[in-house]
$ cat start-v3.pdb   # PDB, C-alpha atoms and all ligand atoms
ATOM      1  CA  MET A  39     -23.190  14.741 -65.900
ATOM      2  CA  SER A  40     -26.274  12.690 -66.769
ATOM      3  CA  ILE A  41     -27.393   9.282 -65.637
ATOM      4  CA  THR A  42     -26.571   7.972 -69.147
ATOM      5  CA  ASP A  43     -22.974   9.243 -68.837
ATOM      6  CA  LEU A  44     -22.654   7.561 -65.473
ATOM      7  CA  THR A  45     -24.002   4.173 -66.503
ATOM      8  CA  SER A  46     -21.953   4.131 -69.722
ATOM      9  CA  MET A  47     -18.797   4.989 -67.726
ATOM     10  CA  ALA A  48     -19.538   2.027 -65.484
ATOM     11  CA  GLU A  49     -20.227  -0.258 -68.457
ATOM     12  CA  THR A  50     -16.772   0.372 -69.894
ATOM     13  CA  GLN A  51     -15.340  -0.954 -66.609
ATOM     14  CA  LEU A  52     -17.335  -4.179 -66.587
ATOM     15  CA  GLY A  53     -15.066  -6.030 -68.978
ATOM     16  CA  SER A  54     -16.096  -8.044 -72.000
ATOM     17  CA  LYS A  55     -18.610 -10.861 -71.830
ATOM     18  CA  LYS A  56     -15.710 -13.303 -72.214
ATOM     19  CA  GLU A  57     -13.866 -11.742 -69.242
ATOM     20  CA  ILE A  58     -16.964 -11.868 -67.065
ATOM     21  CA  ASN A  59     -17.635 -15.495 -68.001
ATOM     22  CA  GLU A  60     -14.036 -16.343 -67.133
ATOM     23  CA  ARG A  61     -14.500 -14.585 -63.784
ATOM     24  CA  LEU A  62     -17.600 -16.711 -63.150
ATOM     25  CA  LEU A  63     -15.789 -19.940 -64.042
ATOM     26  CA  LYS A  64     -13.029 -19.002 -61.607
ATOM     27  CA  ILE A  65     -15.629 -18.367 -58.876
ATOM     28  CA  ILE A  66     -17.287 -21.739 -59.617
ATOM     29  CA  ASP A  67     -13.907 -23.410 -59.120
ATOM     30  CA  GLU A  68     -13.416 -21.576 -55.827
ATOM     31  CA  VAL A  69     -16.857 -22.343 -54.392
ATOM     32  CA  ALA A  70     -17.175 -25.898 -55.708
ATOM     33  CA  ASP A  71     -15.586 -27.512 -52.638
ATOM     34  CA  SER A  72     -16.159 -24.680 -50.163
ATOM     35  CA  CYS A  73     -19.889 -24.082 -49.929
ATOM     36  CA  TYR A  74     -21.611 -26.818 -47.945
ATOM     37  CA  GLN A  75     -25.056 -25.187 -48.127
ATOM     38  CA  CYS A  76     -25.355 -24.288 -44.453
ATOM     39  CA  ALA A  77     -27.555 -21.297 -45.460
ATOM     40  CA  LYS A  78     -25.947 -19.004 -42.891
ATOM     41  CA  CYS A  79     -25.695 -16.416 -45.654
ATOM     42  CA  THR A  80     -29.439 -16.570 -46.292
ATOM     43  CA  SER A  81     -30.330 -16.396 -42.600
ATOM     44  CA  GLY A  82     -28.778 -12.922 -42.417
ATOM     45  CA  CYS A  83     -29.693 -11.684 -45.885
ATOM     46  CA  GLU A  84     -31.507  -8.342 -45.828
ATOM     47  CA  ALA A  85     -33.138  -9.012 -49.206
ATOM     48  CA  HIS A  86     -34.357 -12.422 -48.028
ATOM     49  CA  LYS A  87     -36.356 -10.787 -45.247
ATOM     50  CA  LEU A  88     -38.347  -8.675 -47.716
ATOM     51  CA  LEU A  89     -37.989 -10.426 -51.057
ATOM     52  CA  GLU A  90     -37.151 -13.915 -52.275
ATOM     53  CA  LEU A  91     -33.390 -13.776 -52.581
ATOM     54  CA  GLU A  92     -31.650 -16.797 -51.033
ATOM     55  CA  PRO A  93     -27.893 -16.396 -51.468
ATOM     56  CA  HIS A  94     -27.140 -20.050 -50.595
ATOM     57  CA  LYS A  95     -29.337 -21.072 -53.553
ATOM     58  CA  ILE A  96     -27.487 -18.612 -55.800
ATOM     59  CA  VAL A  97     -24.261 -20.424 -54.878
ATOM     60  CA  ALA A  98     -25.911 -23.828 -55.454
ATOM     61  CA  LEU A  99     -27.243 -22.772 -58.872
ATOM     62  CA  LEU A 100     -23.824 -21.401 -59.807
ATOM     63  CA  LYS A 101     -22.183 -24.695 -58.859
ATOM     64  CA  ARG A 102     -24.618 -26.428 -61.209
ATOM     65  CA  GLY A 103     -23.692 -24.003 -63.977
ATOM     66  CA  LEU A 104     -27.180 -22.479 -64.259
ATOM     67  CA  ILE A 105     -25.757 -19.066 -65.106
ATOM     68  CA  ASP A 106     -28.182 -18.058 -67.879
ATOM     69  CA  GLU A 107     -31.160 -18.853 -65.681
ATOM     70  CA  MET A 108     -29.879 -16.484 -62.986
ATOM     71  CA  VAL A 109     -28.764 -13.762 -65.380
ATOM     72  CA  ASN A 110     -32.255 -13.757 -66.923
ATOM     73  CA  SER A 111     -33.967 -13.588 -63.552
ATOM     74  CA  ASP A 112     -34.988 -10.390 -61.755
ATOM     75  CA  ILE A 113     -33.928 -11.960 -58.453
ATOM     76  CA  ILE A 114     -30.258 -10.964 -58.890
ATOM     77  CA  TRP A 115     -31.297  -7.284 -58.830
ATOM     78  CA  THR A 116     -32.912  -7.592 -55.404
ATOM     79  CA  CYS A 117     -29.537  -7.887 -53.608
ATOM     80  CA  MET A 118     -29.027  -4.799 -51.450
ATOM     81  CA  SER A 119     -25.221  -5.146 -51.380
ATOM     82  CA  CYS A 120     -25.171  -5.184 -47.595
ATOM     83  CA  PHE A 121     -22.264  -7.705 -47.617
ATOM     84  CA  LYS A 122     -23.723  -9.649 -44.687
ATOM     85  CA  CYS A 123     -23.553 -12.927 -46.637
ATOM     86  CA  ARG A 124     -19.823 -12.446 -47.125
ATOM     87  CA  GLU A 125     -19.292 -11.624 -43.447
ATOM     88  CA  ARG A 126     -21.323 -14.581 -42.201
ATOM     89  CA  CYS A 127     -19.981 -17.330 -44.453
ATOM     90  CA  PRO A 128     -17.784 -19.730 -42.454
ATOM     91  CA  GLN A 129     -16.152 -20.867 -45.692
ATOM     92  CA  ASN A 130     -15.141 -17.457 -47.092
ATOM     93  CA  VAL A 131     -17.587 -17.764 -49.964
ATOM     94  CA  SER A 132     -18.951 -14.430 -51.116
ATOM     95  CA  PRO A 133     -22.472 -14.676 -52.588
ATOM     96  CA  VAL A 134     -22.550 -10.881 -52.972
ATOM     97  CA  ASP A 135     -19.568 -11.001 -55.339
ATOM     98  CA  ILE A 136     -21.294 -13.730 -57.337
ATOM     99  CA  LEU A 137     -24.334 -11.462 -57.596
ATOM    100  CA  PHE A 138     -22.197  -8.494 -58.720
ATOM    101  CA  THR A 139     -20.673 -10.661 -61.438
ATOM    102  CA  LEU A 140     -24.072 -11.953 -62.568
ATOM    103  CA  LYS A 141     -25.363  -8.362 -62.772
ATOM    104  CA  ASN A 142     -22.280  -7.372 -64.774
ATOM    105  CA  LEU A 143     -22.983 -10.243 -67.165
ATOM    106  CA  ALA A 144     -26.625  -9.170 -67.502
ATOM    107  CA  VAL A 145     -25.483  -5.648 -68.469
ATOM    108  CA  ALA A 146     -22.848  -7.045 -70.863
ATOM    109  CA  ASN A 147     -25.619  -9.128 -72.469
ATOM    110  CA  GLY A 148     -27.511  -5.910 -73.145
ATOM    111  CA  GLN A 149     -30.253  -6.629 -70.664
ATOM    112  CA  GLN A 150     -32.264  -3.724 -69.350
ATOM    113  CA  VAL A 151     -31.229  -2.567 -65.885
ATOM    114  CA  PRO A 152     -34.410  -2.384 -63.735
ATOM    115  CA  GLY A 153     -35.885   1.121 -63.680
ATOM    116  CA  ALA A 154     -35.624   1.302 -59.887
ATOM    117  CA  TYR A 155     -31.817   1.132 -60.191
ATOM    118  CA  THR A 156     -31.540   4.080 -62.557
ATOM    119  CA  ALA A 157     -34.092   6.001 -60.487
ATOM    120  CA  TRP A 158     -31.934   5.487 -57.370
ATOM    121  CA  LEU A 159     -28.811   6.586 -59.231
ATOM    122  CA  GLN A 160     -30.591   9.686 -60.491
ATOM    123  CA  SER A 161     -31.830  10.461 -57.006
ATOM    124  CA  ILE A 162     -28.391  10.048 -55.428
ATOM    125  CA  MET A 163     -26.804  12.186 -58.129
ATOM    126  CA  THR A 164     -29.268  15.026 -57.802
ATOM    127  CA  MET A 165     -29.809  15.171 -54.044
ATOM    128  CA  GLY A 166     -27.371  12.735 -52.427
ATOM    129  CA  LEU A 167     -30.191  10.550 -51.120
ATOM    130  CA  LEU A 168     -31.545   7.210 -52.320
ATOM    131  CA  GLN A 169     -35.001   8.718 -52.209
ATOM    132  CA  ASP A 170     -36.448  12.018 -51.149
ATOM    133  CA  VAL A 171     -37.448  12.571 -47.540
ATOM    134  CA  GLN A 172     -40.599  10.597 -46.801
ATOM    135  CA  GLU A 173     -43.610  11.435 -44.681
ATOM    136  CA  VAL A 174     -45.446   8.806 -42.643
ATOM    137  CA  PRO A 175     -49.210   8.617 -43.301
ATOM    138  CA  LEU A 176     -51.323   7.626 -40.308
ATOM    139  CA  GLY A 177     -54.624   5.762 -40.504
ATOM    140  CA  ASP A 178     -56.649   8.819 -39.446
ATOM    141  CA  GLY A 179     -55.548  10.871 -42.451
ATOM    142  CA  LYS A 180     -52.771  12.686 -40.571
ATOM    143  CA  VAL A 181     -49.238  12.721 -41.930
ATOM    144  CA  LEU A 182     -46.082  12.815 -39.792
ATOM    145  CA  LYS A 183     -42.917  14.594 -40.918
ATOM    146  CA  ARG A 184     -39.394  13.951 -39.656
ATOM    147  CA  GLU A 185     -39.584  16.845 -37.212
ATOM    148  CA  ASP A 186     -42.858  15.456 -35.780
ATOM    149  CA  LEU A 187     -40.927  12.266 -34.981
ATOM    150  CA  GLY A 188     -38.031  14.162 -33.388
ATOM    151  CA  LEU A 189     -35.696  13.265 -36.258
ATOM    152  CA  PRO A 190     -33.016  15.712 -37.427
ATOM    153  CA  GLU A 191     -33.107  17.269 -40.877
ATOM    154  CA  LEU A 192     -31.266  15.147 -43.454
ATOM    155  CA  SER A 193     -28.176  16.786 -44.880
ATOM    156  CA  LYS A 194     -27.595  16.973 -48.626
ATOM    157  CA  PRO A 195     -24.293  17.543 -50.477
ATOM    158  CA  MET A 196     -23.118  21.156 -50.109
ATOM    159  CA  ASP A 197     -21.164  21.060 -53.373
ATOM    160  CA  ALA A 198     -23.262  19.152 -55.921
ATOM    161  CA  ALA A 199     -20.557  19.203 -58.652
ATOM    162  CA  MET A 200     -17.894  17.820 -56.291
ATOM    163  CA  PHE A 201     -20.326  15.173 -55.072
ATOM    164  CA  GLN A 202     -21.150  14.078 -58.638
ATOM    165  CA  MET A 203     -17.436  13.818 -59.431
ATOM    166  CA  ALA A 204     -16.864  11.573 -56.402
ATOM    167  CA  PHE A 205     -19.908   9.517 -57.343
ATOM    168  CA  ALA A 206     -18.606   9.075 -60.892
ATOM    169  CA  GLY A 207     -15.324   7.818 -59.364
ATOM    170  CA  VAL A 208     -17.262   5.071 -57.593
ATOM    171  CA  ALA A 209     -19.032   4.163 -60.850
ATOM    172  CA  MET A 210     -15.626   3.583 -62.424
ATOM    173  CA  GLU A 211     -14.650   1.011 -59.810
ATOM    174  CA  LYS A 212     -14.792  -2.619 -60.860
ATOM    175  CA  MET A 213     -17.271  -4.675 -58.899
TER     176      MET A 213
HETATM  177  S1  LIG B 301     -22.074 -19.530 -49.104
HETATM  178 FE1  LIG B 301     -21.189 -19.898 -47.090
HETATM  179  S2  LIG B 301     -22.839 -19.354 -45.651
HETATM  180 FE2  LIG B 301     -23.768 -19.617 -47.675
HETATM  181  S3  LIG B 301     -24.443 -21.748 -47.722
HETATM  182 FE3  LIG B 301     -22.392 -21.685 -48.618
HETATM  183  S4  LIG B 301     -21.011 -22.122 -46.915
HETATM  184 FE4  LIG B 301     -22.968 -21.561 -46.021
HETATM  185  S1  LIG B 302     -25.213  -8.669 -49.979
HETATM  186 FE1  LIG B 302     -27.096  -9.227 -51.045
HETATM  187  S2  LIG B 302     -27.155 -11.448 -50.965
HETATM  188 FE2  LIG B 302     -25.654 -10.790 -49.470
HETATM  189  S3  LIG B 302     -26.786 -10.665 -47.535
HETATM  190 FE3  LIG B 302     -26.830  -8.620 -48.449
HETATM  191  S4  LIG B 302     -28.713  -8.537 -49.654
HETATM  192 FE4  LIG B 302     -28.298 -10.708 -49.196
END

$ encode --input "start-v3.pdb" --output "structure tokens"
Amino acid sequence: MSITDLTSMAETQLGSKKEINERLLKIIDEVADSCYQCAKCTSGCEAHKLLELEPHKIVALLKRGLIDEMVNSDIIWTCMSCFKCRERCPQNVSPVDILFTLKNLAVANGQQVPGAYTAWLQSIMTMGLLQDVQEVPLGDGKVLKREDLGLPELSKPMDAAMFQMAFAGVAMEKM
């Protein structure tokens, strides 16, 4: 199975543009009176610590109907899907689900998925890891490996075909 097979399998599960837009309108209705912009979601957001994603602003922009602006922005792809925003929200709003839906709409619009995404998928499919094992370069030119740091060897899937099948099953799930 190739990365193209996998992404096209997922695309068939996204729904039509009309369905996704209807999903977004339903979410707008749900969040309209719920989110009071306390920013608790943003205070725990993993992507906010490293990048510029502010989930409370995503909710605010959605409430104002600025969907195209978000769909055309790279910021929606910086969400790490850690689900912390959903866990922390006192109002049961789920910024991560809004971001999933916006990404689905971007794909349905034919927008290019950022290369890093497909590279991660390829990496997970071929070796079961988001990225290959890294070494840590030190300032003096030395390089530390996992074993130098007392870390155990990372395990990889024993049955690659079985792993790819399970992975494809996840790609078929609706997000
Ligand atoms: S989504 Fe929830 S946590 Fe985030 S600003 Fe709105 S109410 Fe607060
Ligand atoms: S799921 Fe995305 S938006 Fe929510 S806290 Fe994690 S990185 Fe931030």

$ closest_atom_pairs --input "start-v3.pdb" --of "chain A" --to "ligand LIG 302 (chain B)" --cutoff "9 Å" --atoms "all atoms listed in the file" --output "Markdown table"
| residue | atom | partner | partner_atom | distance |
| --- | --- | --- | --- | --- |
| A:Cys79 | CA | B:LIG302 | S3 | 6.1 |
| A:Thr80 | CA | B:LIG302 | S3 | 6.6 |
| A:Ser81 | CA | B:LIG302 | S3 | 8.4 |
| A:Gly82 | CA | B:LIG302 | S3 | 5.9 |
| A:Cys83 | CA | B:LIG302 | S3 | 3.5 |
| A:Glu84 | CA | B:LIG302 | S4 | 4.7 |
| A:Ala85 | CA | B:LIG302 | S4 | 4.5 |
| A:His86 | CA | B:LIG302 | FE4 | 6.4 |
| A:Lys87 | CA | B:LIG302 | FE4 | 9.0 |
| A:Leu91 | CA | B:LIG302 | FE4 | 6.8 |
| A:Glu92 | CA | B:LIG302 | S2 | 7.0 |
| A:Pro93 | CA | B:LIG302 | S2 | 5.0 |
| A:His94 | CA | B:LIG302 | S2 | 8.6 |
| A:Ile96 | CA | B:LIG302 | S2 | 8.6 |
| A:Ile114 | CA | B:LIG302 | S2 | 8.5 |
| A:Thr116 | CA | B:LIG302 | S4 | 7.2 |
| A:Cys117 | CA | B:LIG302 | FE1 | 3.8 |
| A:Met118 | CA | B:LIG302 | S4 | 4.2 |
| A:Ser119 | CA | B:LIG302 | S1 | 3.8 |
| A:Cys120 | CA | B:LIG302 | FE3 | 3.9 |
| A:Phe121 | CA | B:LIG302 | S1 | 3.9 |
| A:Lys122 | CA | B:LIG302 | S3 | 4.3 |
| A:Cys123 | CA | B:LIG302 | S3 | 4.0 |
| A:Arg124 | CA | B:LIG302 | FE2 | 6.5 |
| A:Glu125 | CA | B:LIG302 | S3 | 8.6 |
| A:Arg126 | CA | B:LIG302 | S3 | 8.6 |
| A:Ser132 | CA | B:LIG302 | FE2 | 7.8 |
| A:Pro133 | CA | B:LIG302 | FE2 | 5.9 |
| A:Val134 | CA | B:LIG302 | S1 | 4.6 |
| A:Asp135 | CA | B:LIG302 | S1 | 8.1 |
| A:Ile136 | CA | B:LIG302 | S2 | 9.0 |
| A:Leu137 | CA | B:LIG302 | S2 | 7.2 |

$ residues_around --input "start-v3.pdb" --residues "segment 159-175 of chain A" --least-positions-apart "6" --cutoff "8 Å" --atoms "all atoms listed in the file" --output "PDB file with C-alpha atoms, in the coordinates of the input"
ATOM      1  CA  ILE A  41     -27.393   9.282 -65.637  1.00  0.00           C
ATOM      2  CA  VAL A 181     -49.238  12.721 -41.930  1.00  0.00           C
ATOM      3  CA  LEU A 182     -46.082  12.815 -39.792  1.00  0.00           C
ATOM      4  CA  LYS A 183     -42.917  14.594 -40.918  1.00  0.00           C
ATOM      5  CA  ARG A 184     -39.394  13.951 -39.656  1.00  0.00           C
ATOM      6  CA  LEU A 192     -31.266  15.147 -43.454  1.00  0.00           C
ATOM      7  CA  LYS A 194     -27.595  16.973 -48.626  1.00  0.00           C
ATOM      8  CA  PRO A 195     -24.293  17.543 -50.477  1.00  0.00           C
ATOM      9  CA  ALA A 198     -23.262  19.152 -55.921  1.00  0.00           C
ATOM     10  CA  PHE A 201     -20.326  15.173 -55.072  1.00  0.00           C
ATOM     11  CA  GLN A 202     -21.150  14.078 -58.638  1.00  0.00           C
ATOM     12  CA  PHE A 205     -19.908   9.517 -57.343  1.00  0.00           C
TER      13      PHE A 205
END

$ resolve_selection --input "start-v3.pdb" --expression "the PyMOL selection byres (((chain A and resi 139) around 9) and not hetatm)" --output "list in words"
Leu52, Ile58, Asn59, Arg61, Leu62, Val134, Asp135, Ile136, Leu137, Phe138, Leu140, Lys141, Asn142, Leu143, Ala144 and Met213 of chain A

$ atom_distance --input "start-v3.pdb" --atom1 "atom CA of Asn130 of chain A" --atom2 "atom CA of Val109 of chain A"
23.1 Å

$ resolve_selection --input "start-v3.pdb" --expression "the PyMOL selection byres (((chain A and resi 101) around 9) and not hetatm)" --output "VMD selection string"
chain A and resid 66 to 67 69 to 70 96 to 100 102 to 104

$ atom_distance --input "start-v3.pdb" --atom1 "atom CA of Pro152 of chain A" --atom2 "atom CA of Lys55 of chain A"
19.7 Å

$ atom_distance --input "start-v3.pdb" --atom1 "atom S1 of ligand LIG 301 (chain B)" --atom2 "atom CA of Gln129 of chain A"
7.0 Å

$ closest_residue --input "start-v3.pdb" --among "A:Val151, A:Leu88, A:Leu189, A:Cys127" --to "ligand LIG 301 (chain B)" --atoms "only C-alpha atoms and all ligand atoms"
A:Cys127

$ axis_aligned_box --input "start-v3.pdb" --around "ligand LIG 301 (chain B)" --padding-each-side "5 Å" --output "lines of an AutoDock Vina configuration file"
center_x = -22.7
center_y = -20.7
center_z = -47.4
size_x = 13.4
size_y = 12.8
size_z = 13.5

$ closest_residue --input "start-v3.pdb" --among "A:Ala146, A:Lys180, A:Glu185, A:Asp197" --to "Ser54 of chain A" --atoms "all atoms listed in the file"
A:Ala146

$ build_atoms --input "start-v3.pdb" --residues "segment 164-184 of chain A" --atoms "N, CA and C atoms" --output "compact mmCIF listing (two decimals), in the coordinates of the input"
# COMPACT_ATOMS: atom_id res chain seq x y z
N THR A 164 -28.69 13.68 -57.87
CA THR A 164 -29.27 15.03 -57.80
C THR A 164 -29.40 15.54 -56.37
N MET A 165 -29.64 14.63 -55.41
CA MET A 165 -29.81 15.17 -54.04
C MET A 165 -29.02 14.42 -52.98
N GLY A 166 -28.21 13.42 -53.40
CA GLY A 166 -27.37 12.74 -52.43
C GLY A 166 -28.13 11.73 -51.58
N LEU A 167 -29.38 11.49 -51.90
CA LEU A 167 -30.19 10.55 -51.12
C LEU A 167 -30.78 9.50 -52.06
N LEU A 168 -30.96 8.28 -51.53
CA LEU A 168 -31.54 7.21 -52.32
C LEU A 168 -32.97 7.57 -52.76
N GLN A 169 -33.67 8.20 -51.87
CA GLN A 169 -35.00 8.72 -52.21
C GLN A 169 -35.25 9.97 -51.39
N ASP A 170 -36.19 10.76 -51.84
CA ASP A 170 -36.45 12.02 -51.15
C ASP A 170 -37.03 11.73 -49.76
N VAL A 171 -36.97 12.73 -48.91
CA VAL A 171 -37.45 12.57 -47.54
C VAL A 171 -38.92 12.16 -47.56
N GLN A 172 -39.24 11.13 -46.80
CA GLN A 172 -40.60 10.60 -46.80
C GLN A 172 -41.40 11.11 -45.61
N GLU A 173 -42.72 11.14 -45.80
CA GLU A 173 -43.61 11.44 -44.68
C GLU A 173 -44.35 10.14 -44.33
N VAL A 174 -44.79 10.05 -43.07
CA VAL A 174 -45.45 8.81 -42.64
C VAL A 174 -46.95 9.04 -42.53
N PRO A 175 -47.76 8.42 -43.41
CA PRO A 175 -49.21 8.62 -43.30
C PRO A 175 -49.79 7.77 -42.17
N LEU A 176 -50.67 8.38 -41.38
CA LEU A 176 -51.32 7.63 -40.31
C LEU A 176 -52.72 7.22 -40.78
N GLY A 177 -53.31 6.27 -40.10
CA GLY A 177 -54.62 5.76 -40.50
C GLY A 177 -55.72 6.83 -40.49
N ASP A 178 -55.58 7.82 -39.59
CA ASP A 178 -56.65 8.82 -39.45
C ASP A 178 -56.52 9.98 -40.43
N GLY A 179 -55.69 9.81 -41.44
CA GLY A 179 -55.55 10.87 -42.45
C GLY A 179 -54.43 11.85 -42.15
N LYS A 180 -53.88 11.79 -40.91
CA LYS A 180 -52.77 12.69 -40.57
C LYS A 180 -51.47 12.18 -41.20
N VAL A 181 -50.54 13.09 -41.37
CA VAL A 181 -49.24 12.72 -41.93
C VAL A 181 -48.14 13.25 -41.01
N LEU A 182 -47.18 12.38 -40.66
CA LEU A 182 -46.08 12.82 -39.79
C LEU A 182 -44.84 13.12 -40.60
N LYS A 183 -44.19 14.24 -40.28
CA LYS A 183 -42.92 14.59 -40.92
C LYS A 183 -41.78 14.21 -39.98
N ARG A 184 -40.55 14.31 -40.49
CA ARG A 184 -39.39 13.95 -39.66
C ARG A 184 -39.38 14.72 -38.35
